[in-house]
>>> print(open('target37.txt').read())   # compact mmCIF, C-alpha atoms
# COMPACT_ATOMS: atom_id res chain seq x y z
CA MET A 1 72.21 -42.15 -58.62
CA LYS A 2 74.93 -42.95 -56.10
CA VAL A 3 74.23 -42.25 -52.41
CA ARG A 4 76.65 -39.67 -51.05
CA ALA A 5 75.19 -39.06 -47.57
CA VAL A 6 73.17 -40.82 -44.90
CA PHE A 7 70.82 -38.82 -42.69
CA PHE A 8 69.57 -40.50 -39.51
CA ASP A 9 66.55 -39.98 -37.34
CA LEU A 10 67.51 -39.84 -33.65
CA ASP A 11 64.75 -41.10 -31.35
CA GLY A 12 63.94 -44.77 -31.78
CA THR A 13 66.67 -45.04 -34.40
CA LEU A 14 70.18 -44.07 -33.29
CA VAL A 15 69.11 -43.98 -29.63
CA ARG A 16 66.37 -45.95 -27.92
CA TYR A 17 65.43 -44.72 -24.44
CA GLU A 18 63.52 -47.34 -22.48
CA GLY A 19 60.33 -46.66 -20.57
CA VAL A 20 59.22 -43.57 -22.52
CA ALA A 21 56.95 -43.08 -25.51
CA TYR A 22 58.64 -43.60 -28.89
CA GLU A 23 61.96 -44.31 -27.10
CA SER A 24 62.47 -40.56 -27.38
CA SER A 25 64.92 -37.98 -26.08
CA TRP A 26 61.92 -35.79 -25.17
CA GLY A 27 60.50 -38.49 -22.93
CA ALA A 28 63.87 -39.26 -21.38
CA ILE A 29 64.52 -35.61 -20.55
CA GLY A 30 61.07 -35.17 -18.98
CA LEU A 31 61.55 -38.28 -16.87
CA ALA A 32 65.03 -37.22 -15.77
CA ALA A 33 63.78 -33.74 -14.86
CA GLY A 34 61.02 -35.15 -12.67
CA VAL A 35 58.17 -33.92 -14.89
CA GLY A 36 57.59 -37.10 -16.85
CA HIS A 37 53.95 -37.46 -15.77
CA LEU A 38 53.20 -33.92 -16.94
CA TRP A 39 54.93 -34.56 -20.26
CA ASP A 40 52.85 -37.71 -20.69
CA GLU A 41 49.71 -35.63 -20.17
CA LEU A 42 50.85 -33.17 -22.81
CA LEU A 43 51.63 -36.01 -25.20
CA GLN A 44 48.12 -37.37 -24.84
CA ARG A 45 46.64 -33.91 -25.36
CA TYR A 46 48.58 -33.23 -28.56
CA ARG A 47 48.86 -36.77 -29.98
CA GLY A 48 47.67 -36.97 -33.57
CA GLN A 49 47.94 -33.21 -34.12
CA PRO A 50 51.27 -32.71 -35.91
CA ASP A 51 50.36 -29.14 -36.88
CA ARG A 52 50.38 -28.25 -33.17
CA TYR A 53 53.85 -29.70 -32.59
CA PRO A 54 55.54 -26.31 -31.99
CA GLU A 55 52.95 -25.56 -29.32
CA TRP A 56 53.63 -28.95 -27.70
CA VAL A 57 57.37 -28.21 -27.69
CA ARG A 58 56.86 -24.83 -26.03
CA GLU A 59 54.67 -26.33 -23.31
CA ASN A 60 57.25 -29.02 -22.60
CA ALA A 61 60.00 -26.42 -22.43
CA ARG A 62 58.07 -24.34 -19.88
CA LEU A 63 57.94 -27.32 -17.54
CA LEU A 64 61.75 -27.32 -17.44
CA ARG A 65 62.20 -23.66 -16.46
CA GLY A 66 64.88 -23.32 -13.78
CA ILE A 67 65.85 -27.00 -13.69
CA PRO A 68 69.64 -27.56 -13.79
CA VAL A 69 70.80 -29.12 -17.03
CA ALA A 70 73.22 -31.31 -15.05
CA LYS A 71 70.28 -32.92 -13.22
CA VAL A 72 69.06 -34.16 -16.60
CA THR A 73 72.31 -35.03 -18.32
CA GLU A 74 73.51 -37.23 -15.48
CA ARG A 75 70.41 -39.38 -16.02
CA ILE A 76 70.19 -39.48 -19.83
CA PHE A 77 73.87 -39.89 -20.72
CA PRO A 78 75.58 -41.88 -22.03
CA PRO A 79 72.98 -42.20 -24.79
CA PRO A 80 71.45 -45.69 -25.15
CA TYR A 81 72.54 -46.48 -28.69
CA ALA A 82 70.63 -49.04 -30.69
CA PRO A 83 72.60 -52.29 -31.09
CA GLY A 84 75.09 -52.10 -33.92
CA VAL A 85 75.02 -48.32 -34.32
CA ARG A 86 78.72 -47.77 -33.67
CA GLU A 87 79.78 -50.58 -35.99
CA ALA A 88 77.49 -49.38 -38.78
CA VAL A 89 78.62 -45.77 -38.49
CA GLU A 90 82.28 -46.75 -38.57
CA GLU A 91 81.71 -48.76 -41.76
CA LEU A 92 79.71 -45.95 -43.38
CA ARG A 93 82.50 -43.52 -42.58
CA ARG A 94 84.99 -45.87 -44.26
CA MET A 95 82.71 -45.77 -47.31
CA GLY A 96 83.34 -42.02 -47.50
CA LEU A 97 79.74 -40.95 -46.88
CA VAL A 98 78.62 -37.73 -45.21
CA LEU A 99 76.69 -38.66 -42.07
CA GLY A 100 74.32 -36.63 -39.93
CA ILE A 101 71.13 -36.35 -37.91
CA VAL A 102 67.82 -34.71 -38.82
CA SER A 103 65.43 -35.21 -35.94
CA SER A 104 62.38 -33.83 -34.18
CA GLY A 105 64.15 -34.85 -30.99
CA VAL A 106 66.27 -32.65 -28.73
CA SER A 107 69.60 -31.10 -29.74
CA LEU A 108 70.99 -31.73 -26.24
CA VAL A 109 71.03 -35.43 -27.14
CA ALA A 110 71.62 -35.05 -30.88
CA ALA A 111 74.78 -32.98 -30.33
CA ARG A 112 76.16 -35.55 -27.88
CA VAL A 113 75.45 -38.36 -30.35
CA GLN A 114 77.03 -36.38 -33.19
CA ARG A 115 80.18 -35.86 -31.16
CA GLU A 116 80.47 -39.43 -29.88
CA LEU A 117 79.84 -41.06 -33.26
CA GLY A 118 81.91 -38.56 -35.24
CA LEU A 119 79.01 -37.49 -37.44
CA ASP A 120 79.26 -34.44 -39.68
CA PHE A 121 76.18 -32.53 -38.47
CA SER A 122 72.99 -32.64 -36.45
CA VAL A 123 69.75 -30.69 -36.77
CA ALA A 124 67.23 -31.01 -33.94
CA ASN A 125 65.06 -28.91 -31.63
CA GLU A 126 66.82 -26.84 -28.97
CA LEU A 127 65.92 -26.35 -25.33
CA LEU A 128 67.48 -23.02 -24.39
CA VAL A 129 69.89 -22.87 -21.47
CA GLU A 130 71.30 -19.98 -19.42
CA ASP A 131 73.72 -20.24 -16.49
CA GLY A 132 73.41 -24.01 -16.51
CA ARG A 133 69.61 -24.07 -16.22
CA PHE A 134 66.82 -24.51 -18.72
CA THR A 135 65.17 -21.17 -19.48
CA GLY A 136 61.78 -22.66 -20.28
CA GLU A 137 62.09 -21.68 -23.94
CA ALA A 138 62.74 -23.72 -27.05
CA VAL A 139 63.63 -23.30 -30.72
CA VAL A 140 61.78 -25.61 -33.12
CA ARG A 141 64.02 -26.52 -36.03
CA VAL A 142 62.44 -29.82 -37.08
CA ALA A 143 58.69 -30.04 -36.55
CA LEU A 144 56.81 -33.30 -37.10
CA GLY A 145 55.37 -32.03 -40.35
CA ASN A 146 58.43 -30.40 -41.94
CA LYS A 147 61.20 -32.99 -41.66
CA LEU A 148 61.32 -33.44 -45.43
CA SER A 149 61.85 -29.71 -46.01
CA VAL A 150 64.69 -29.73 -43.47
CA VAL A 151 66.27 -32.73 -45.21
CA GLU A 152 65.95 -30.94 -48.57
CA GLU A 153 67.53 -27.79 -47.16
CA LYS A 154 70.42 -29.70 -45.59
CA ALA A 155 71.04 -31.64 -48.80
CA ARG A 156 71.20 -28.36 -50.78
CA GLU A 157 73.59 -26.91 -48.20
CA LEU A 158 75.88 -29.92 -48.70
CA GLY A 159 75.60 -29.68 -52.48
CA PHE A 160 73.70 -32.97 -52.88
CA GLY A 161 70.50 -33.83 -54.68
CA LEU A 162 67.73 -35.45 -52.68
CA LYS A 163 68.23 -38.71 -54.59
CA GLU A 164 71.84 -38.79 -53.38
CA ILE A 165 70.61 -39.04 -49.77
CA ALA A 166 69.79 -42.18 -47.79
CA PHE A 167 67.58 -41.72 -44.76
CA VAL A 168 67.16 -44.09 -41.80
CA GLY A 169 64.03 -43.68 -39.66
CA ASP A 170 61.47 -45.57 -37.63
CA HIS A 171 58.30 -43.52 -37.19
CA VAL A 172 55.35 -42.28 -39.25
CA ASN A 173 56.71 -38.73 -39.37
CA ASP A 174 59.65 -40.19 -41.32
CA VAL A 175 57.38 -41.52 -44.10
CA PRO A 176 57.56 -38.43 -46.38
CA VAL A 177 61.36 -38.46 -46.15
CA LEU A 178 61.69 -42.20 -46.71
CA SER A 179 59.51 -41.88 -49.81
CA ALA A 180 61.40 -38.93 -51.28
CA VAL A 181 65.09 -39.73 -50.81
CA GLY A 182 67.23 -41.95 -53.00
CA VAL A 183 67.29 -44.79 -50.47
CA GLY A 184 64.82 -44.97 -47.59
CA ILE A 185 65.68 -47.43 -44.83
CA ALA A 186 63.14 -48.29 -42.15
CA TYR A 187 64.91 -49.36 -38.97
CA ALA A 188 62.71 -51.29 -36.50
CA PRO A 189 59.64 -49.51 -37.94
CA LYS A 190 56.96 -48.53 -35.44
CA ASP A 191 54.16 -48.66 -38.02
CA PRO A 192 53.49 -50.65 -41.23
CA ALA A 193 53.37 -47.38 -43.17
CA VAL A 194 57.04 -46.78 -42.33
CA ALA A 195 58.09 -50.11 -43.79
CA ALA A 196 55.89 -49.56 -46.85
CA ALA A 197 57.53 -46.20 -47.59
CA ALA A 198 61.09 -47.54 -47.43
CA ARG A 199 63.17 -49.40 -49.99
CA PHE A 200 64.72 -51.52 -47.27
CA VAL A 201 63.58 -52.67 -43.82
CA THR A 202 66.03 -53.85 -41.18
CA HIS A 203 66.10 -54.60 -37.48
CA ASP A 204 69.90 -54.65 -37.34
CA PHE A 205 71.93 -51.49 -37.84
CA ARG A 206 74.91 -53.55 -38.94
CA GLU A 207 73.04 -54.46 -42.13
CA ILE A 208 72.80 -50.84 -43.31
CA PRO A 209 76.22 -50.53 -45.04
CA GLY A 210 75.46 -53.69 -47.03
CA LEU A 211 72.02 -52.41 -48.00
CA LEU A 212 73.56 -49.22 -49.34
CA ARG A 213 76.12 -51.18 -51.37
CA ARG A 214 73.21 -53.06 -52.97
CA SER A 215 71.22 -49.92 -53.76
>>> encode(input="target37.txt", output="structure tokens")
Amino acid sequence: MKVRAVFFDLDGTLVRYEGVAYESSWGAIGLAAGVGHLWDELLQRYRGQPDRYPEWVRENARLLRGIPVAKVTERIFPPPYAPGVREAVEELRRMGLVLGIVSSGVSLVAARVQRELGLDFSVANELLVEDGRFTGEAVVRVALGNKLSVVEEKARELGFGLKEIAFVGDHVNDVPVLSAVGVGIAYAPKDPAVAAAARFVTHDFREIPGLLRRS
């Protein structure tokens, strides 16, 4: 079945923040807000417990209460795109594919990436903001354990079957998606299980359009 859309992971895939765990938007925001050490402690406490991910998100969000959003955005933007992302996305757009993000990362970053790359949609977790400051609350839209169900829901919304979707990801929470979609692509995989679940493995984003033409 022909691929009609490409869904991307965000953290460690489209963007790669240096100096934080998993190259993630979560880590980058915590560091920029001045609470990075506390976020690291929370990460250690909840690591390996994907079912407690919503609880982890809420605790992270509370640490941001009252912090100006501008204090964070001036340190995390422009997003640090993985090499070749812009070129690959431009070519995929020329191929007429629907492009978007499904990520357990933060919508503050995902929305910026969507806008800058001209993607069609983004689904990620939201840190709530009021009067230019974080409220200390969050909305979990993509938990570590339910990414596949979000991908399925988004595909149905677009009118596509799951086998018409290609997914690009790097981490173990992407494994169920990579295994289920029409074409799973592991980009710079962080674990051997990620590579094993994918049809293709690449360390260069610019190879992705060619891989999809071969699929």
>>> atom_distance(input="target37.txt", atom1="CA of Ala70 (chain A)", atom2="CA of Gly132 (chain A)")
7.4 Å
>>> closest_residue(input="target37.txt", among="A:Leu31, A:Leu43, A:Val98, A:Leu127", to="Phe167 (chain A)", atoms="all atoms listed in the file")
A:Val98
>>> residues_around(input="target37.txt", residues="Val15 (chain A)", least_positions_apart="6", cutoff="8 Å", atoms="all atoms listed in the file", output="PDB file with C-alpha atoms, keeping the file's coordinate frame")
ATOM      1  CA  GLU A  23      61.960 -44.310 -27.100  1.00  0.00           C
ATOM      2  CA  SER A  24      62.470 -40.560 -27.380  1.00  0.00           C
ATOM      3  CA  PRO A  79      72.980 -42.200 -24.790  1.00  0.00           C
ATOM      4  CA  PRO A  80      71.450 -45.690 -25.150  1.00  0.00           C
ATOM      5  CA  TYR A  81      72.540 -46.480 -28.690  1.00  0.00           C
ATOM      6  CA  ALA A  82      70.630 -49.040 -30.690  1.00  0.00           C
TER       7      ALA A  82
END
>>> residues_around(input="target37.txt", residues="region 152-157 of chain A", least_positions_apart="3", cutoff="10 Å", atoms="all atoms listed in the file", output="short mmCIF file (atom, residue, chain, number, x, y, z; two decimals) with C-alpha atoms, in the frame of the given file")
data_model
loop_
_atom_site.label_atom_id
_atom_site.label_comp_id
_atom_site.auth_asym_id
_atom_site.auth_seq_id
_atom_site.Cartn_x
_atom_site.Cartn_y
_atom_site.Cartn_z
CA ALA A 5 75.19 -39.06 -47.57
CA PHE A 7 70.82 -38.82 -42.69
CA GLY A 100 74.32 -36.63 -39.93
CA VAL A 102 67.82 -34.71 -38.82
CA PHE A 121 76.18 -32.53 -38.47
CA SER A 122 72.99 -32.64 -36.45
CA VAL A 123 69.75 -30.69 -36.77
CA LYS A 147 61.20 -32.99 -41.66
CA LEU A 148 61.32 -33.44 -45.43
CA SER A 149 61.85 -29.71 -46.01
CA PHE A 160 73.70 -32.97 -52.88
CA GLY A 161 70.50 -33.83 -54.68
CA LEU A 162 67.73 -35.45 -52.68
CA LYS A 163 68.23 -38.71 -54.59
CA GLU A 164 71.84 -38.79 -53.38
CA ILE A 165 70.61 -39.04 -49.77
CA VAL A 177 61.36 -38.46 -46.15
CA ALA A 180 61.40 -38.93 -51.28
CA VAL A 181 65.09 -39.73 -50.81
#
>>> residues_around(input="target37.txt", residues="region 198-201 of chain A", least_positions_apart="3", cutoff="8 Å", atoms="all atoms listed in the file", output="list in words")
Val175, Leu178, Ser179, Val183, Gly184, Ile185, Ala186, Tyr187, Ala188, Pro189, Val194, Ala195 and Leu211 of chain A
>>> write_last_selection(input="target37.txt", atoms="C-alpha atoms", output="PDB file, in the frame of the given file")
ATOM      1  CA  VAL A 175      57.380 -41.520 -44.100  1.00  0.00           C
ATOM      2  CA  LEU A 178      61.690 -42.200 -46.710  1.00  0.00           C
ATOM      3  CA  SER A 179      59.510 -41.880 -49.810  1.00  0.00           C
ATOM      4  CA  VAL A 183      67.290 -44.790 -50.470  1.00  0.00           C
ATOM      5  CA  GLY A 184      64.820 -44.970 -47.590  1.00  0.00           C
ATOM      6  CA  ILE A 185      65.680 -47.430 -44.830  1.00  0.00           C
ATOM      7  CA  ALA A 186      63.140 -48.290 -42.150  1.00  0.00           C
ATOM      8  CA  TYR A 187      64.910 -49.360 -38.970  1.00  0.00           C
ATOM      9  CA  ALA A 188      62.710 -51.290 -36.500  1.00  0.00           C
ATOM     10  CA  PRO A 189      59.640 -49.510 -37.940  1.00  0.00           C
ATOM     11  CA  VAL A 194      57.040 -46.780 -42.330  1.00  0.00           C
ATOM     12  CA  ALA A 195      58.090 -50.110 -43.790  1.00  0.00           C
ATOM     13  CA  LEU A 211      72.020 -52.410 -48.000  1.00  0.00           C
TER      14      LEU A 211
END
>>> residues_around(input="target37.txt", residues="Glu91 (chain A)", least_positions_apart="5", cutoff="12 Å", atoms="all atoms listed in the file", output="number ranges by chain")
A: 84-86, 96-99, 117, 205-210, 212-213
>>> closest_residue(input="target37.txt", among="A:Val6, A:Val35, A:Val20, A:Ile101", to="Leu64 (chain A)", atoms="all atoms listed in the file")
A:Val35
>>> atom_distance(input="target37.txt", atom1="CA of Arg112 (chain A)", atom2="CA of Arg93 (chain A)")
17.9 Å
>>> atom_distance(input="target37.txt", atom1="CA of Val139 (chain A)", atom2="CA of Val69 (chain A)")
16.5 Å
>>> closest_residue(input="target37.txt", among="A:His37, A:Arg45, A:Arg58, A:Arg94", to="Ala143 (chain A)", atoms="only C-alpha atoms")
A:Arg58
>>> residues_around(input="target37.txt", residues="Arg62 (chain A)", least_positions_apart="5", cutoff="8 Å", atoms="only C-alpha atoms", output="PDB file with C-alpha atoms, in the coordinates of the input")
ATOM      1  CA  THR A 135      65.170 -21.170 -19.480  1.00  0.00           C
ATOM      2  CA  GLY A 136      61.780 -22.660 -20.280  1.00  0.00           C
ATOM      3  CA  GLU A 137      62.090 -21.680 -23.940  1.00  0.00           C
TER       4      GLU A 137
END
>>> axis_aligned_box(input="target37.txt", around="region 77-81 of chain A", padding_each_side="3 Å", output="JSON")
{"center_x": 73.5, "center_y": -43.2, "center_z": -24.7, "size_x": 10.1, "size_y": 12.6, "size_z": 14.0}
>>> closest_residue(input="target37.txt", among="A:Asp120, A:Asp40, A:Glu87, A:Glu126", to="Ala61 (chain A)", atoms="all atoms listed in the file")
A:Glu126
>>> closest_residue(input="target37.txt", among="A:Leu144, A:Ile29, A:Tyr22, A:Glu90", to="Arg52 (chain A)", atoms="all atoms listed in the file")
A:Leu144
